[in-house]
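Q: Encoded as structure tokens, here's the structure I'll be asking about.
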Amino acid sequence: MQALVDWRFRPGDGAYAQPSQDDSDWETVNLSATEGSHDPFFSSSSYVPGWTARGYPKLSGYAWYRTHLKVAPDGERLWLEMPSDVDDAYQVYANGTLVGSMGRFTAKGVSAYFSRAAAFQLPAPNISGDIVIAIRFYMAPDTVLWNFGAGGMHAAPLLGLASTVALAHERNIDSTLHTSISFLALGVFALIGCIAALAIYWKERGESGYLWLMMALAAESALNLTSFVAAETFWIPLSGFAIVNELLTSALGPLLWVLFWIKWFDLRGWRAIMRIALAVAGLEVVVVFCLHQPMLGTAVPLGWMHGLWLVFTILRFVFAALLLALTVGGLRRSRTEGWITVPAVLLLGATLFSEDLEVLGIPVSYFPFGIRLSIGDICLFALILMVLGLAIRRFLQSKARQREMTSDLEQAQQVQHLLIPEHLLQIPGYHVEGTYLPASQVGGDFYQVIPSSGGGLIVLLGDVSGKGLRAAMLVSLAVGAVRAIVKETSEPAEILTRLNRELAGNMKSGFVTCICARLDSGGQVTVANAGHLSGWINSEEMATPGMLPLGVTDAGVEYSAQQIHLKIGDTLTFLSDGVVEARRDSDGTLLGFERLQQLLTGHPDPKAIAREAQMFGQEDDISVVSIKWMGMPVNAPVEAIAAPSSAVAH
């Protein structure tokens, strides 16, 4: 097998395929690799600079290579193995006959593809054994910018018999696969990271940072998988691939990373950075299309190419500055995560500019075990590992906090259950019933039924604003305060006044509504109200004086009370706003006071009222306490049937 190193070269296009063409005045080109030469992209051991490094720095479009061979006229047919590294498309002619091509040549233009090795059988030589091989090359204008030393062939074609050329062809194909396998590996790795980020986001719907991480990794996966498909198939033209590659590498990818870091650190005041990032990405999209066909050379003059490249580089420096600013912001927001992200951002910056080093001719690719790995590939791999580690770390911390909150809720629920009596205290002449239906685990409804001095009962029902543990803790505070207060006074107005004094000094925000009643002998009831729903006597609402809720008024405020006298058979009902605010899902209708009045007309017990509100559409805790005057002797002793009281949850 013979390497064809001596060629004649001519820029431009013409009918140069015929063997009769006189090429004696063409430039002589030797395709022998110099010692120490290096292929910056492919894994071949030698590299021959193209015509842009041989005196034609701005040449794009067509150029021809020709060589003359002398072979045995009756020998076995020969094959030509073209190198895998060429720019960008070519047609091979032998004695004026087209024997093969790389790329698609049509009347409308040329579609080039990612270069790879190709072998073509040559026709039988003429009687004298002469074969003239002519190769017509086409290089797109943008290749001059993106490939240092571009143009034509970067290795010598090989000539030989079918068996030997087949072996060389297999080696070249294997070498091409080794250069692109890193794209596949990185694409799959980024895709796995993308799926992992999506799974975490699915578990943590409130954390939009995971969603932006998923999209950033999806862009990296799309970039590398597209590169692999372009390198191993003829599905994606080189012009389209170049645009997609630059858009993902320098516009969409960095934009998604910037948005990810903004959301990750929850930098709400950094809208200016977001606007700058969007503007820079938009400008880069415009510049990318200007730097590639079909705009370059038509709408955009070729002379603008290097100026546009400078603008393109400056825009990427702006992205790098934005990432640096976000890192500083992250350090201020969270020092631990901020310092962890510093190397991640540096790695991202390295991936942004690794391609520039290659364009400048600085080697950035290495070939361990024959597999191409670039600095950008290594940095991207480390970046994905680092951000996934950050995501998993935050996810595990979130789960730990959720477990702690669940444990706290369970403990709060247990405490509240201790406050809920199985039975309520009863005294002769009265029948007291109560029920509670929580909307969730813990919250702020509570009621108490406590014996008072003189043989009566104190009935108190309240509602703490808010939800969750804070409301539950306020319930415990209120219940404890009430039990202490009733040991010193049985006056409802005094109970609320002193309870307000206790809460005003312990509540930083929120409030408590409460209604308190003392049941005395003979159906006499004293009622005081602090911003709660009025009580109902049978199906009629009581006209109680309105006062502010507890905890929002001055600690020195005095509450007032009113006295009512129940007739035998009358029922006094206290309830929380969860009853009247029950909402039907189908049309959003509230249960309201009219329906409540209809319920009370039928004299239902508290459980029936609560159940009706729950079925209507419960949105809040529901508490109902009823007091029925039976007209029994009033001088009988109090019968304590169960330990008092209750409290529970929004």
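As shown in the structure tokens, the chain order sets the letters A, B, ...; within each chain, residues go from 1, and ligands are also counted from 1 in the order they appear.
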Would you mind writing down, as a PyMOL selection string, each residue of segment 135-375 of chain A that DSSP on the backbone assigns to helix (DSSP H, G or I)?

A: chain A and resi 141-146+162-203+208-232+238-264+271-290+302-333+335-359+368-370+375

Q: Tell me, which residues of segment 588-628 of chain A carry DSSP strand (DSSP E), written as a PDB file with N, CA and C atoms, in the first residue's frame?

A:
ATOM      1  N   ILE A 622     -63.181  22.258  61.867  1.00  0.00           N
ATOM      2  CA  ILE A 622     -64.596  22.415  62.237  1.00  0.00           C
ATOM      3  C   ILE A 622     -64.750  22.015  63.694  1.00  0.00           C
ATOM      4  N   SER A 623     -65.211  22.946  64.502  1.00  0.00           N
ATOM      5  CA  SER A 623     -65.479  22.675  65.918  1.00  0.00           C
ATOM      6  C   SER A 623     -66.888  23.155  66.249  1.00  0.00           C
ATOM      7  N   VAL A 624     -67.656  22.335  66.967  1.00  0.00           N
ATOM      8  CA  VAL A 624     -69.035  22.681  67.343  1.00  0.00           C
ATOM      9  C   VAL A 624     -69.262  22.227  68.786  1.00  0.00           C
ATOM     10  N   VAL A 625     -69.793  23.125  69.612  1.00  0.00           N
ATOM     11  CA  VAL A 625     -70.161  22.799  70.998  1.00  0.00           C
ATOM     12  C   VAL A 625     -71.608  23.249  71.213  1.00  0.00           C
ATOM     13  N   SER A 626     -72.433  22.366  71.770  1.00  0.00           N
ATOM     14  CA  SER A 626     -73.835  22.728  72.062  1.00  0.00           C
ATOM     15  C   SER A 626     -74.111  22.548  73.556  1.00  0.00           C
ATOM     16  N   ILE A 627     -74.960  23.442  74.083  1.00  0.00           N
ATOM     17  CA  ILE A 627     -75.333  23.429  75.505  1.00  0.00           C
ATOM     18  C   ILE A 627     -76.858  23.468  75.571  1.00  0.00           C
ATOM     19  N   LYS A 628     -77.451  22.424  76.074  1.00  0.00           N
ATOM     20  CA  LYS A 628     -78.920  22.355  76.148  1.00  0.00           C
ATOM     21  C   LYS A 628     -79.357  22.434  77.611  1.00  0.00           C
TER      22      LYS A 628
END

Q: What lies within 10 Å of Leu331 of chain A using only C-alpha atoms, ignoring chain neighbours under 5 positions off, as a list in words?

A: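 Counting only C-alpha atoms, the residues come to Phe265, Ala325, Leu326, Thr336, Glu337, Gly338, Trp339, Ile340, Thr341 and Val342 of chain A.
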
Q: Go ahead and write the selection's residues with N, CA and C atoms as a PDB file, in the first residue's frame.

A:
ATOM      1  N   PHE A 265     -29.710  29.668  44.037  1.00  0.00           N
ATOM      2  CA  PHE A 265     -29.445  30.486  45.212  1.00  0.00           C
ATOM      3  C   PHE A 265     -30.621  31.399  45.560  1.00  0.00           C
ATOM      4  N   ALA A 325     -20.359  36.695  38.830  1.00  0.00           N
ATOM      5  CA  ALA A 325     -21.194  37.519  39.710  1.00  0.00           C
ATOM      6  C   ALA A 325     -22.183  36.651  40.489  1.00  0.00           C
ATOM      7  N   LEU A 326     -22.743  35.647  39.827  1.00  0.00           N
ATOM      8  CA  LEU A 326     -23.673  34.745  40.507  1.00  0.00           C
ATOM      9  C   LEU A 326     -22.964  33.949  41.588  1.00  0.00           C
ATOM     10  N   THR A 336     -21.534  27.782  52.459  1.00  0.00           N
ATOM     11  CA  THR A 336     -21.176  26.382  52.204  1.00  0.00           C
ATOM     12  C   THR A 336     -21.408  26.027  50.747  1.00  0.00           C
ATOM     13  N   GLU A 337     -22.631  26.221  50.269  1.00  0.00           N
ATOM     14  CA  GLU A 337     -22.926  25.899  48.874  1.00  0.00           C
ATOM     15  C   GLU A 337     -22.199  26.838  47.924  1.00  0.00           C
ATOM     16  N   GLY A 338     -21.996  28.085  48.353  1.00  0.00           N
ATOM     17  CA  GLY A 338     -21.298  29.038  47.499  1.00  0.00           C
ATOM     18  C   GLY A 338     -19.885  28.582  47.195  1.00  0.00           C
ATOM     19  N   TRP A 339     -19.156  28.134  48.216  1.00  0.00           N
ATOM     20  CA  TRP A 339     -17.784  27.676  47.982  1.00  0.00           C
ATOM     21  C   TRP A 339     -17.768  26.386  47.176  1.00  0.00           C
ATOM     22  N   ILE A 340     -18.792  25.553  47.349  1.00  0.00           N
ATOM     23  CA  ILE A 340     -18.852  24.319  46.568  1.00  0.00           C
ATOM     24  C   ILE A 340     -19.064  24.633  45.088  1.00  0.00           C
ATOM     25  N   THR A 341     -19.812  25.707  44.814  1.00  0.00           N
ATOM     26  CA  THR A 341     -20.114  26.028  43.412  1.00  0.00           C
ATOM     27  C   THR A 341     -18.982  26.744  42.698  1.00  0.00           C
ATOM     28  N   VAL A 342     -18.015  27.276  43.446  1.00  0.00           N
ATOM     29  CA  VAL A 342     -16.909  27.985  42.794  1.00  0.00           C
ATOM     30  C   VAL A 342     -16.202  27.109  41.761  1.00  0.00           C
TER      31      VAL A 342
END

Q: In terms of the shortest atom-to-atom distance over only C-alpha atoms, which of A:Arg403, A:His178, A:Arg498, A:Arg483 is closest to Leu373 of chain A?

A: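 Residue with the minimum atom-to-atom distance to Leu373 of chain A: A:His178.
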
Q: Write out as a ChimeraX atom specification each polymer residue whose atoms come within 8 Å of segment 582-596 of chain A, counting only C-alpha atoms; drop sequence neighbours fewer than 5 positions from it.

A: /A:613-614,616-620

Q: Could those selected residues go to a file with C-alpha atoms, as an mmCIF file, in the first residue's frame?

A:
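again.cif, freshly written:
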data_model
loop_
_atom_site.group_PDB
_atom_site.id
_atom_site.type_symbol
_atom_site.label_atom_id
_atom_site.label_comp_id
_atom_site.auth_asym_id
_atom_site.auth_seq_id
_atom_site.Cartn_x
_atom_site.Cartn_y
_atom_site.Cartn_z
ATOM 1 C CA ALA A 613 -70.188 20.894 56.807
ATOM 2 C CA GLN A 614 -67.492 18.331 56.067
ATOM 3 C CA PHE A 616 -70.366 20.173 51.857
ATOM 4 C CA GLY A 617 -66.649 20.863 51.385
ATOM 5 C CA GLN A 618 -64.353 21.251 54.386
ATOM 6 C CA GLU A 619 -61.496 23.753 54.012
ATOM 7 C CA ASP A 620 -60.748 24.558 57.651
#

Q: Which neighbours of segment 188-201 of chain A fall inside 12 Å, counting only C-alpha atoms, when residues of the same chain fewer than 6 positions from it are skipped, and could you give them as a VMD selection string?

A: chain A and resid 181 to 182 207 to 226 228 260 377 380 to 396 398 to 399

Q: Write out as a list in words each polymer residue whose atoms come within 12 Å of His431 of chain A, counting only C-alpha atoms; drop sequence neighbours fewer than 6 positions from it.

A: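 Contacts, in chain order: His423, Leu424, Leu425, Val449, Leu457, Leu519, Gly523, Ile568, Gly569, Asp570, Thr571, Leu572, Thr573, Asp605, Val625, Ser626, Ile627, Lys628, Trp629, Met630, Gly631, Met632 and Glu639 of chain A.
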
Q: In Å, rounded to a single decimal, give me how far atom CA of Ile458 of chain A is from atom CA of Glu488 of chain A.

A: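 Those two atoms sit 12.5 Å apart.
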
Q: From the options A:Ala166, A:Ala484, A:Ala63, A:Ala231, which residue's atoms come nearest to Arg116 of chain A, counting only C-alpha atoms?

A: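 When distances to Arg116 of chain A are compared using only C-alpha atoms, the smallest one comes from A:Ala231.
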
Q: Using atom CA of Pro19 of chain A and atom CA of Trp64 of chain A as the two end points, give the distance in Å to one decimal.

A: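 Between these atoms lies a distance of 13.2 Å.
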
Q: Need the shell around Val557 of chain A: protein/DNA/RNA residues with any atom at most 10 Å away, counting only C-alpha atoms. Skip same-chain ones fewer than 3 positions apart. Format as a PyMOL selection string?

A: chain A and resi 496-498+500-501+548+550+553-554+560

Q: Could you write out the selected residues, including C-alpha atoms, as a JSON list (two decimals), in the first residue's frame?

A:
[["chain", "number", "residue", "atom", "x", "y", "z"],
["A", 496, "LEU", "CA", -60.94, 36.86, 78.11],
["A", 497, "THR", "CA", -59.31, 40.02, 79.46],
["A", 498, "ARG", "CA", -56.63, 38.05, 81.27],
["A", 500, "ASN", "CA", -55.64, 38.60, 76.05],
["A", 501, "ARG", "CA", -53.00, 39.89, 78.46],
["A", 548, "LEU", "CA", -61.42, 42.65, 68.80],
["A", 550, "LEU", "CA", -57.22, 38.32, 71.45],
["A", 553, "THR", "CA", -55.35, 44.57, 71.20],
["A", 554, "ASP", "CA", -53.62, 46.40, 73.99],
["A", 560, "SER", "CA", -67.47, 42.91, 78.44]]
